[in-house]
Amino acid sequence: MFLKSVTAISLAALTLGATTSIVAAKEKKKPWEVTKVQVKAPKGSPLDYLASGYWFRTKKTQSLQNDDFENPGFLWVEQGKTLWSKVDGKAGKSCASCHQKAEKTMKGVGARYPVYFPKWKKMMAIQHRVNYCRENNMKAKKWKWESGQMLGMATYIRNQSRGMAVAVKVDGSAKKFFEAGKKFYYQRRGQLDMSCAGCHQQNFGKRIRADLLSQGHSNGFPTYRLKWQKIGSLHRRFRGCNSQVRAKPYKRGSAEYTNLELYLAWRGLGLKIETPAVRQ
Ligand code: HEC
Ligand code: HEC
């Protein structure tokens, strides 16, 4: 026992250099290990606790998110707000014509999505719903998933649920899609033969290249990424994470990614929505 701890300390001394930093490293919990910031994992969760990606980012990135005036993601919230009451399409309507004030009618919607859509017999993400309303209720053209308009609208709608807990339904008709999303999550893929769990479940808190791995939750999406210099959808993030292991990325809005979105939302059940979050 004595010998073992001596080895551990000399090892730490080697990596950290000074005795003082050993003490600091030993006493100080990592931000996501502080009980106060943790959220109880849902029943059946493979994680002991949930922690938002926010706690894995630098103080500087966090402070950008903390201040709505500095958070660049709010440019998209503003754009969505403008589009909300803009008449478009052959029916001569805007979103507001039917849904009135988004602050009221869209509150909580972003926390519930994706939902099972009986007519399609599959899952529907917010972006699908927006285009469904545009095509059928406004007789307007669909927006591309990663277009400025769609990012603005999706961010605006999700922002109406900011501070609310993620609350997707995964039973009943959604069950089958939840299972498909789960399978996707644990599937090893790409040249690196890694699953989502390989990084975000088994190795969160560790560094990979320049990045600190989080639990990979979706509660901040659409998210402003400093690396992208813009806001991006969750499906864009999926494509990035698939490409990192040199696996084939799927299309944004595909059934594969929408099922994965459902499963991922369940993994983060109870986390507060942060849209628009800021990440590095
Ligand atoms: C002609 C009326 C009409 C217009 C215009 C319209 N919608 Fe809808 N929308 C509906 C109806 C009807 C529903 C389904 C009933 C419901 O859930 O409120 C719906 C549902 C939704 C939902 C899901 C709400 C939920 O609780 O699940 C969202 C999000 C949404 N619309 C967004 C939009 C956006 C964004 C626009 C503008 C781009 C828009 N809608 C334009 C009629 C409309
Ligand atoms: C090789 C490691 C690796 C794999 C495998 C991987 N990711 Fe990631 N992922 C990252 C890194 C690095 C980041 C950026 C830092 C962070 O938030 O973890 C990230 C970020 C994320 C985020 C954003 C988290 C936030 O708070 O903004 C989500 C969501 C995510 N990943 C989901 C997934 C999903 C789903 C899969 C499986 C399809 C996956 N990742 C596979 C490395 C990985």
# chains A, B, ... in the order shown; residues from 1 in each chain; ligands from 1

$ closest_atom_pairs --of "chain A" --to "ligand 1" --cutoff "7 Å" --atoms "only C-alpha atoms and all ligand atoms" --output "tab-separated table"
residue	atom	partner	partner_atom_place_in_ligand_line	distance
A:Trp84	CA	ligand 1	37 (C)	5.9
A:Lys93	CA	ligand 1	5 (C)	5.2
A:Ser94	CA	ligand 1	5 (C)	5.1
A:Cys95	CA	ligand 1	37 (C)	3.3
A:Ala96	CA	ligand 1	5 (C)	6.9
A:Ser97	CA	ligand 1	5 (C)	5.7
A:Cys98	CA	ligand 1	2 (C)	4.4
A:His99	CA	ligand 1	7 (N)	6.3
A:Met106	CA	ligand 1	29 (C)	6.6
A:Val109	CA	ligand 1	26 (O)	5.3
A:Ile126	CA	ligand 1	29 (C)	5.8
A:Arg129	CA	ligand 1	28 (C)	5.6
A:Val130	CA	ligand 1	35 (C)	4.6
A:Cys133	CA	ligand 1	41 (C)	4.7
A:Arg134	CA	ligand 1	38 (C)	5.2
A:Asn137	CA	ligand 1	1 (C)	4.2
A:Met138	CA	ligand 1	5 (C)	5.0
A:Met153	CA	ligand 1	35 (C)	6.2
A:Ile157	CA	ligand 1	29 (C)	6.9

$ residues_near_ligand --ligand "ligand 2" --cutoff "6 Å" --atoms "only C-alpha atoms and all ligand atoms" --output "number ranges by chain"
A: 53, 185, 194-196, 198-199, 211-214, 216-218, 238, 241-242, 244-245, 279

$ residues_around --residues "A:Lys36" --least-positions-apart "3" --cutoff "12 Å" --atoms "only C-alpha atoms" --output "ChimeraX atom specification"
/A:29,31-33,39-40,49-51,55

$ write_last_selection --atoms "C-alpha atoms" --output "mmCIF file, in the first residue's frame"
data_model
loop_
_atom_site.group_PDB
_atom_site.id
_atom_site.type_symbol
_atom_site.label_atom_id
_atom_site.label_comp_id
_atom_site.auth_asym_id
_atom_site.auth_seq_id
_atom_site.Cartn_x
_atom_site.Cartn_y
_atom_site.Cartn_z
ATOM 1 C CA LYS A 29 -12.250 18.432 -8.213
ATOM 2 C CA PRO A 31 -15.643 21.238 -12.635
ATOM 3 C CA TRP A 32 -17.946 18.401 -13.759
ATOM 4 C CA GLU A 33 -17.106 16.345 -10.665
ATOM 5 C CA VAL A 39 -27.830 16.128 -12.697
ATOM 6 C CA LYS A 40 -29.194 12.760 -11.661
ATOM 7 C CA TYR A 49 -24.344 11.345 -13.248
ATOM 8 C CA LEU A 50 -24.967 13.839 -16.010
ATOM 9 C CA ALA A 51 -22.920 16.975 -16.596
ATOM 10 C CA TRP A 55 -18.561 22.310 -17.489
#

$ select_by_dssp --residues "stretch 75-225 of chain A" --states "strand (DSSP E)" --output "list in words"
Val115, Tyr116, Phe117, Lys122, Met123, Met124, Arg207, Ile208, Asp211, Leu212, Thr223, Tyr224 and Arg225 of chain A

$ write_last_selection --atoms "N, CA and C atoms" --output "compact mmCIF listing (two decimals), in the first residue's frame"
# COMPACT_ATOMS: atom_id res chain seq x y z
N VAL A 115 -40.07 14.12 -31.77
CA VAL A 115 -41.30 13.40 -31.41
C VAL A 115 -41.68 12.42 -32.52
N TYR A 116 -42.47 11.43 -32.15
CA TYR A 116 -42.99 10.50 -33.15
C TYR A 116 -44.08 11.22 -33.94
N PHE A 117 -43.99 11.15 -35.27
CA PHE A 117 -44.99 11.79 -36.12
C PHE A 117 -45.79 10.71 -36.84
N LYS A 122 -42.47 7.91 -38.35
CA LYS A 122 -41.09 8.01 -37.84
C LYS A 122 -40.90 9.26 -37.00
N MET A 123 -39.67 9.46 -36.56
CA MET A 123 -39.39 10.59 -35.68
C MET A 123 -39.27 11.88 -36.47
N MET A 124 -39.65 12.96 -35.79
CA MET A 124 -39.61 14.29 -36.40
C MET A 124 -38.79 15.22 -35.50
N ARG A 207 -8.38 14.11 -22.38
CA ARG A 207 -8.07 14.92 -23.56
C ARG A 207 -7.89 14.05 -24.79
N ILE A 208 -8.38 14.57 -25.90
CA ILE A 208 -8.12 13.92 -27.16
C ILE A 208 -7.62 15.02 -28.09
N ASP A 211 -8.65 18.69 -27.54
CA ASP A 211 -10.00 18.80 -27.00
C ASP A 211 -10.20 18.03 -25.71
N LEU A 212 -11.02 18.59 -24.82
CA LEU A 212 -11.37 17.90 -23.59
C LEU A 212 -12.72 17.23 -23.83
N THR A 223 -25.71 25.01 -31.40
CA THR A 223 -24.63 25.55 -30.59
C THR A 223 -23.73 26.45 -31.42
N TYR A 224 -23.30 27.56 -30.80
CA TYR A 224 -22.31 28.40 -31.46
C TYR A 224 -20.93 27.82 -31.17
N ARG A 225 -20.22 27.46 -32.25
CA ARG A 225 -18.87 26.93 -32.04
C ARG A 225 -17.84 27.92 -32.53

$ closest_residue --among "A:Lys272, A:Arg252, A:Arg209, A:Arg246" --to "A:Ser161" --atoms "only C-alpha atoms"
A:Lys272

$ atom_distance --atom1 "atom CA of A:Gly80" --atom2 "atom CA of A:Glu274"
16.5 Å

$ closest_residue --among "A:Asn136, A:Ser52, A:Ser243, A:Gln62" --to "A:Asp193" --atoms "only C-alpha atoms"
A:Ser243

$ select_by_dssp --residues "stretch 34-152 of chain A" --states "helix (DSSP H, G or I)" --output "PDB file with N, CA and C atoms, in the first residue's frame"
ATOM      1  N   THR A  35     -20.557  17.983  -7.229  1.00  0.00           N
ATOM      2  CA  THR A  35     -21.921  17.431  -7.136  1.00  0.00           C
ATOM      3  C   THR A  35     -22.993  18.453  -7.520  1.00  0.00           C
ATOM      4  N   LYS A  36     -22.766  19.681  -7.130  1.00  0.00           N
ATOM      5  CA  LYS A  36     -23.727  20.753  -7.362  1.00  0.00           C
ATOM      6  C   LYS A  36     -24.100  20.929  -8.843  1.00  0.00           C
ATOM      7  N   VAL A  37     -23.157  20.694  -9.728  1.00  0.00           N
ATOM      8  CA  VAL A  37     -23.437  20.921 -11.150  1.00  0.00           C
ATOM      9  C   VAL A  37     -23.986  19.657 -11.832  1.00  0.00           C
ATOM     10  N   GLY A  53     -22.033  19.770 -21.236  1.00  0.00           N
ATOM     11  CA  GLY A  53     -20.772  20.064 -21.913  1.00  0.00           C
ATOM     12  C   GLY A  53     -20.180  21.396 -21.470  1.00  0.00           C
ATOM     13  N   TYR A  54     -21.035  22.260 -20.973  1.00  0.00           N
ATOM     14  CA  TYR A  54     -20.617  23.574 -20.466  1.00  0.00           C
ATOM     15  C   TYR A  54     -19.465  23.449 -19.460  1.00  0.00           C
ATOM     16  N   TRP A  55     -19.544  22.461 -18.571  1.00  0.00           N
ATOM     17  CA  TRP A  55     -18.561  22.310 -17.489  1.00  0.00           C
ATOM     18  C   TRP A  55     -17.225  21.781 -17.968  1.00  0.00           C
ATOM     19  N   PHE A  56     -17.152  21.387 -19.223  1.00  0.00           N
ATOM     20  CA  PHE A  56     -15.904  20.880 -19.781  1.00  0.00           C
ATOM     21  C   PHE A  56     -15.182  21.959 -20.594  1.00  0.00           C
ATOM     22  N   LYS A  59     -13.142  28.709 -18.944  1.00  0.00           N
ATOM     23  CA  LYS A  59     -13.847  29.834 -18.295  1.00  0.00           C
ATOM     24  C   LYS A  59     -14.223  30.887 -19.332  1.00  0.00           C
ATOM     25  N   LYS A  60     -13.325  31.086 -20.282  1.00  0.00           N
ATOM     26  CA  LYS A  60     -13.548  32.117 -21.294  1.00  0.00           C
ATOM     27  C   LYS A  60     -14.756  31.768 -22.175  1.00  0.00           C
ATOM     28  N   THR A  61     -14.821  30.510 -22.582  1.00  0.00           N
ATOM     29  CA  THR A  61     -15.950  30.067 -23.405  1.00  0.00           C
ATOM     30  C   THR A  61     -17.240  30.131 -22.597  1.00  0.00           C
ATOM     31  N   GLN A  62     -17.159  29.710 -21.344  1.00  0.00           N
ATOM     32  CA  GLN A  62     -18.343  29.756 -20.479  1.00  0.00           C
ATOM     33  C   GLN A  62     -18.859  31.178 -20.331  1.00  0.00           C
ATOM     34  N   SER A  63     -17.918  32.128 -20.192  1.00  0.00           N
ATOM     35  CA  SER A  63     -18.360  33.504 -19.953  1.00  0.00           C
ATOM     36  C   SER A  63     -19.056  34.087 -21.187  1.00  0.00           C
ATOM     37  N   LEU A  64     -18.649  33.621 -22.375  1.00  0.00           N
ATOM     38  CA  LEU A  64     -19.345  34.050 -23.597  1.00  0.00           C
ATOM     39  C   LEU A  64     -20.794  33.565 -23.574  1.00  0.00           C
ATOM     40  N   GLN A  65     -20.981  32.349 -23.084  1.00  0.00           N
ATOM     41  CA  GLN A  65     -22.344  31.792 -23.025  1.00  0.00           C
ATOM     42  C   GLN A  65     -23.179  32.476 -21.943  1.00  0.00           C
ATOM     43  N   ASN A  66     -22.503  32.892 -20.863  1.00  0.00           N
ATOM     44  CA  ASN A  66     -23.233  33.463 -19.729  1.00  0.00           C
ATOM     45  C   ASN A  66     -23.881  34.807 -20.033  1.00  0.00           C
ATOM     46  N   PHE A  74     -26.820  34.536 -30.208  1.00  0.00           N
ATOM     47  CA  PHE A  74     -28.045  35.335 -30.182  1.00  0.00           C
ATOM     48  C   PHE A  74     -28.334  36.058 -31.492  1.00  0.00           C
ATOM     49  N   LEU A  75     -27.323  36.138 -32.366  1.00  0.00           N
ATOM     50  CA  LEU A  75     -27.584  36.706 -33.690  1.00  0.00           C
ATOM     51  C   LEU A  75     -28.587  35.826 -34.426  1.00  0.00           C
ATOM     52  N   TRP A  76     -28.493  34.496 -34.181  1.00  0.00           N
ATOM     53  CA  TRP A  76     -29.412  33.555 -34.836  1.00  0.00           C
ATOM     54  C   TRP A  76     -30.784  33.570 -34.163  1.00  0.00           C
ATOM     55  N   VAL A  77     -30.786  33.753 -32.872  1.00  0.00           N
ATOM     56  CA  VAL A  77     -32.068  33.877 -32.168  1.00  0.00           C
ATOM     57  C   VAL A  77     -32.821  35.081 -32.752  1.00  0.00           C
ATOM     58  N   GLU A  78     -32.096  36.173 -32.950  1.00  0.00           N
ATOM     59  CA  GLU A  78     -32.705  37.389 -33.510  1.00  0.00           C
ATOM     60  C   GLU A  78     -33.224  37.145 -34.917  1.00  0.00           C
ATOM     61  N   GLN A  79     -32.427  36.421 -35.709  1.00  0.00           N
ATOM     62  CA  GLN A  79     -32.843  36.132 -37.080  1.00  0.00           C
ATOM     63  C   GLN A  79     -34.116  35.288 -37.089  1.00  0.00           C
ATOM     64  N   GLY A  80     -34.173  34.315 -36.203  1.00  0.00           N
ATOM     65  CA  GLY A  80     -35.355  33.466 -36.105  1.00  0.00           C
ATOM     66  C   GLY A  80     -36.574  34.277 -35.710  1.00  0.00           C
ATOM     67  N   LYS A  81     -36.372  35.192 -34.807  1.00  0.00           N
ATOM     68  CA  LYS A  81     -37.466  36.047 -34.340  1.00  0.00           C
ATOM     69  C   LYS A  81     -38.049  36.874 -35.501  1.00  0.00           C
ATOM     70  N   THR A  82     -37.145  37.394 -36.332  1.00  0.00           N
ATOM     71  CA  THR A  82     -37.590  38.181 -37.487  1.00  0.00           C
ATOM     72  C   THR A  82     -38.381  37.303 -38.461  1.00  0.00           C
ATOM     73  N   LEU A  83     -37.843  36.103 -38.724  1.00  0.00           N
ATOM     74  CA  LEU A  83     -38.498  35.204 -39.676  1.00  0.00           C
ATOM     75  C   LEU A  83     -39.862  34.738 -39.174  1.00  0.00           C
ATOM     76  N   TRP A  84     -39.992  34.649 -37.872  1.00  0.00           N
ATOM     77  CA  TRP A  84     -41.231  34.155 -37.250  1.00  0.00           C
ATOM     78  C   TRP A  84     -42.462  34.922 -37.741  1.00  0.00           C
ATOM     79  N   CYS A  95     -45.351  32.297 -39.574  1.00  0.00           N
ATOM     80  CA  CYS A  95     -45.490  31.373 -38.437  1.00  0.00           C
ATOM     81  C   CYS A  95     -46.449  31.992 -37.418  1.00  0.00           C
ATOM     82  N   ALA A  96     -46.278  33.304 -37.218  1.00  0.00           N
ATOM     83  CA  ALA A  96     -47.074  34.001 -36.207  1.00  0.00           C
ATOM     84  C   ALA A  96     -48.572  33.982 -36.530  1.00  0.00           C
ATOM     85  N   SER A  97     -48.945  33.885 -37.825  1.00  0.00           N
ATOM     86  CA  SER A  97     -50.369  33.854 -38.181  1.00  0.00           C
ATOM     87  C   SER A  97     -51.080  32.723 -37.457  1.00  0.00           C
ATOM     88  N   CYS A  98     -50.405  31.603 -37.293  1.00  0.00           N
ATOM     89  CA  CYS A  98     -51.043  30.449 -36.638  1.00  0.00           C
ATOM     90  C   CYS A  98     -50.565  30.247 -35.201  1.00  0.00           C
ATOM     91  N   HIS A  99     -49.288  30.546 -34.957  1.00  0.00           N
ATOM     92  CA  HIS A  99     -48.728  30.222 -33.635  1.00  0.00           C
ATOM     93  C   HIS A  99     -48.606  31.435 -32.702  1.00  0.00           C
ATOM     94  N   ALA A 102     -44.287  33.257 -30.096  1.00  0.00           N
ATOM     95  CA  ALA A 102     -43.447  32.078 -29.863  1.00  0.00           C
ATOM     96  C   ALA A 102     -43.093  31.918 -28.392  1.00  0.00           C
ATOM     97  N   GLU A 103     -42.908  33.048 -27.696  1.00  0.00           N
ATOM     98  CA  GLU A 103     -42.546  33.009 -26.276  1.00  0.00           C
ATOM     99  C   GLU A 103     -43.565  32.190 -25.493  1.00  0.00           C
ATOM    100  N   LYS A 104     -44.789  32.173 -25.994  1.00  0.00           N
ATOM    101  CA  LYS A 104     -45.842  31.442 -25.299  1.00  0.00           C
ATOM    102  C   LYS A 104     -46.068  30.063 -25.934  1.00  0.00           C
ATOM    103  N   THR A 105     -46.307  30.057 -27.247  1.00  0.00           N
ATOM    104  CA  THR A 105     -46.720  28.801 -27.893  1.00  0.00           C
ATOM    105  C   THR A 105     -45.567  27.814 -28.088  1.00  0.00           C
ATOM    106  N   VAL A 109     -41.515  23.304 -26.302  1.00  0.00           N
ATOM    107  CA  VAL A 109     -41.529  22.465 -27.510  1.00  0.00           C
ATOM    108  C   VAL A 109     -40.132  21.873 -27.761  1.00  0.00           C
ATOM    109  N   GLY A 110     -39.127  22.730 -27.697  1.00  0.00           N
ATOM    110  CA  GLY A 110     -37.754  22.276 -27.940  1.00  0.00           C
ATOM    111  C   GLY A 110     -37.284  21.214 -26.958  1.00  0.00           C
ATOM    112  N   ALA A 111     -37.883  21.192 -25.777  1.00  0.00           N
ATOM    113  CA  ALA A 111     -37.495  20.205 -24.764  1.00  0.00           C
ATOM    114  C   ALA A 111     -38.077  18.829 -25.092  1.00  0.00           C
ATOM    115  N   ARG A 112     -39.200  18.812 -25.824  1.00  0.00           N
ATOM    116  CA  ARG A 112     -39.898  17.557 -26.128  1.00  0.00           C
ATOM    117  C   ARG A 112     -39.423  16.874 -27.399  1.00  0.00           C
ATOM    118  N   ILE A 126     -37.206  19.151 -34.771  1.00  0.00           N
ATOM    119  CA  ILE A 126     -37.736  20.526 -34.915  1.00  0.00           C
ATOM    120  C   ILE A 126     -37.637  21.007 -36.372  1.00  0.00           C
ATOM    121  N   GLN A 127     -36.466  20.763 -36.961  1.00  0.00           N
ATOM    122  CA  GLN A 127     -36.239  21.236 -38.336  1.00  0.00           C
ATOM    123  C   GLN A 127     -37.231  20.604 -39.311  1.00  0.00           C
ATOM    124  N   HIS A 128     -37.546  19.314 -39.102  1.00  0.00           N
ATOM    125  CA  HIS A 128     -38.546  18.653 -39.942  1.00  0.00           C
ATOM    126  C   HIS A 128     -39.900  19.337 -39.772  1.00  0.00           C
ATOM    127  N   ARG A 129     -40.221  19.654 -38.522  1.00  0.00           N
ATOM    128  CA  ARG A 129     -41.527  20.265 -38.225  1.00  0.00           C
ATOM    129  C   ARG A 129     -41.637  21.640 -38.889  1.00  0.00           C
ATOM    130  N   VAL A 130     -40.555  22.396 -38.824  1.00  0.00           N
ATOM    131  CA  VAL A 130     -40.550  23.729 -39.442  1.00  0.00           C
ATOM    132  C   VAL A 130     -40.822  23.594 -40.938  1.00  0.00           C
ATOM    133  N   ASN A 131     -40.119  22.681 -41.584  1.00  0.00           N
ATOM    134  CA  ASN A 131     -40.337  22.510 -43.023  1.00  0.00           C
ATOM    135  C   ASN A 131     -41.713  21.931 -43.328  1.00  0.00           C
ATOM    136  N   TYR A 132     -42.219  21.094 -42.441  1.00  0.00           N
ATOM    137  CA  TYR A 132     -43.564  20.546 -42.636  1.00  0.00           C
ATOM    138  C   TYR A 132     -44.572  21.695 -42.642  1.00  0.00           C
ATOM    139  N   CYS A 133     -44.436  22.611 -41.692  1.00  0.00           N
ATOM    140  CA  CYS A 133     -45.333  23.769 -41.637  1.00  0.00           C
ATOM    141  C   CYS A 133     -45.130  24.679 -42.842  1.00  0.00           C
ATOM    142  N   ARG A 134     -43.891  24.847 -43.235  1.00  0.00           N
ATOM    143  CA  ARG A 134     -43.640  25.717 -44.396  1.00  0.00           C
ATOM    144  C   ARG A 134     -44.303  25.136 -45.648  1.00  0.00           C
ATOM    145  N   GLU A 135     -44.110  23.868 -45.896  1.00  0.00           N
ATOM    146  CA  GLU A 135     -44.661  23.272 -47.117  1.00  0.00           C
ATOM    147  C   GLU A 135     -46.182  23.159 -47.077  1.00  0.00           C
ATOM    148  N   ASN A 136     -46.705  22.656 -45.959  1.00  0.00           N
ATOM    149  CA  ASN A 136     -48.131  22.346 -45.914  1.00  0.00           C
ATOM    150  C   ASN A 136     -49.003  23.488 -45.435  1.00  0.00           C
ATOM    151  N   ASN A 137     -48.516  24.264 -44.494  1.00  0.00           N
ATOM    152  CA  ASN A 137     -49.350  25.323 -43.928  1.00  0.00           C
ATOM    153  C   ASN A 137     -49.096  26.693 -44.548  1.00  0.00           C
ATOM    154  N   GLY A 148     -28.983  29.472 -43.069  1.00  0.00           N
ATOM    155  CA  GLY A 148     -29.097  30.525 -42.063  1.00  0.00           C
ATOM    156  C   GLY A 148     -30.512  30.613 -41.515  1.00  0.00           C
ATOM    157  N   GLN A 149     -31.509  30.510 -42.413  1.00  0.00           N
ATOM    158  CA  GLN A 149     -32.909  30.611 -41.966  1.00  0.00           C
ATOM    159  C   GLN A 149     -33.271  29.486 -41.006  1.00  0.00           C
ATOM    160  N   MET A 150     -32.905  28.244 -41.396  1.00  0.00           N
ATOM    161  CA  MET A 150     -33.283  27.103 -40.555  1.00  0.00           C
ATOM    162  C   MET A 150     -32.547  27.144 -39.217  1.00  0.00           C
ATOM    163  N   LEU A 151     -31.268  27.507 -39.264  1.00  0.00           N
ATOM    164  CA  LEU A 151     -30.511  27.603 -38.006  1.00  0.00           C
ATOM    165  C   LEU A 151     -31.125  28.677 -37.118  1.00  0.00           C
ATOM    166  N   GLY A 152     -31.521  29.785 -37.730  1.00  0.00           N
ATOM    167  CA  GLY A 152     -32.152  30.865 -36.980  1.00  0.00           C
ATOM    168  C   GLY A 152     -33.455  30.401 -36.350  1.00  0.00           C
TER     169      GLY A 152
END

$ closest_residue --among "A:Thr155, A:Ser254, A:Ser173, A:Gln201" --to "A:Ile273" --atoms "only C-alpha atoms"
A:Thr155

$ closest_residue --among "A:Gly181, A:Gly73, A:Gly268, A:Gly172" --to "A:Ala255" --atoms "only C-alpha atoms"
A:Gly181

$ closest_residue --among "A:Thr275, A:Asn203, A:Gln187, A:Ser233" --to "A:Asn219" --atoms "only C-alpha atoms"
A:Thr275

$ atom_distance --atom1 "atom CA of A:Gln202" --atom2 "atom CA of A:Arg267"
14.1 Å

$ atom_distance --atom1 "atom CA of A:Asn71" --atom2 "atom CA of A:Val168"
26.6 Å

$ closest_residue --among "A:Leu234, A:Leu269, A:Ala174, A:Leu226" --to "A:Pro72" --atoms "only C-alpha atoms"
A:Leu226
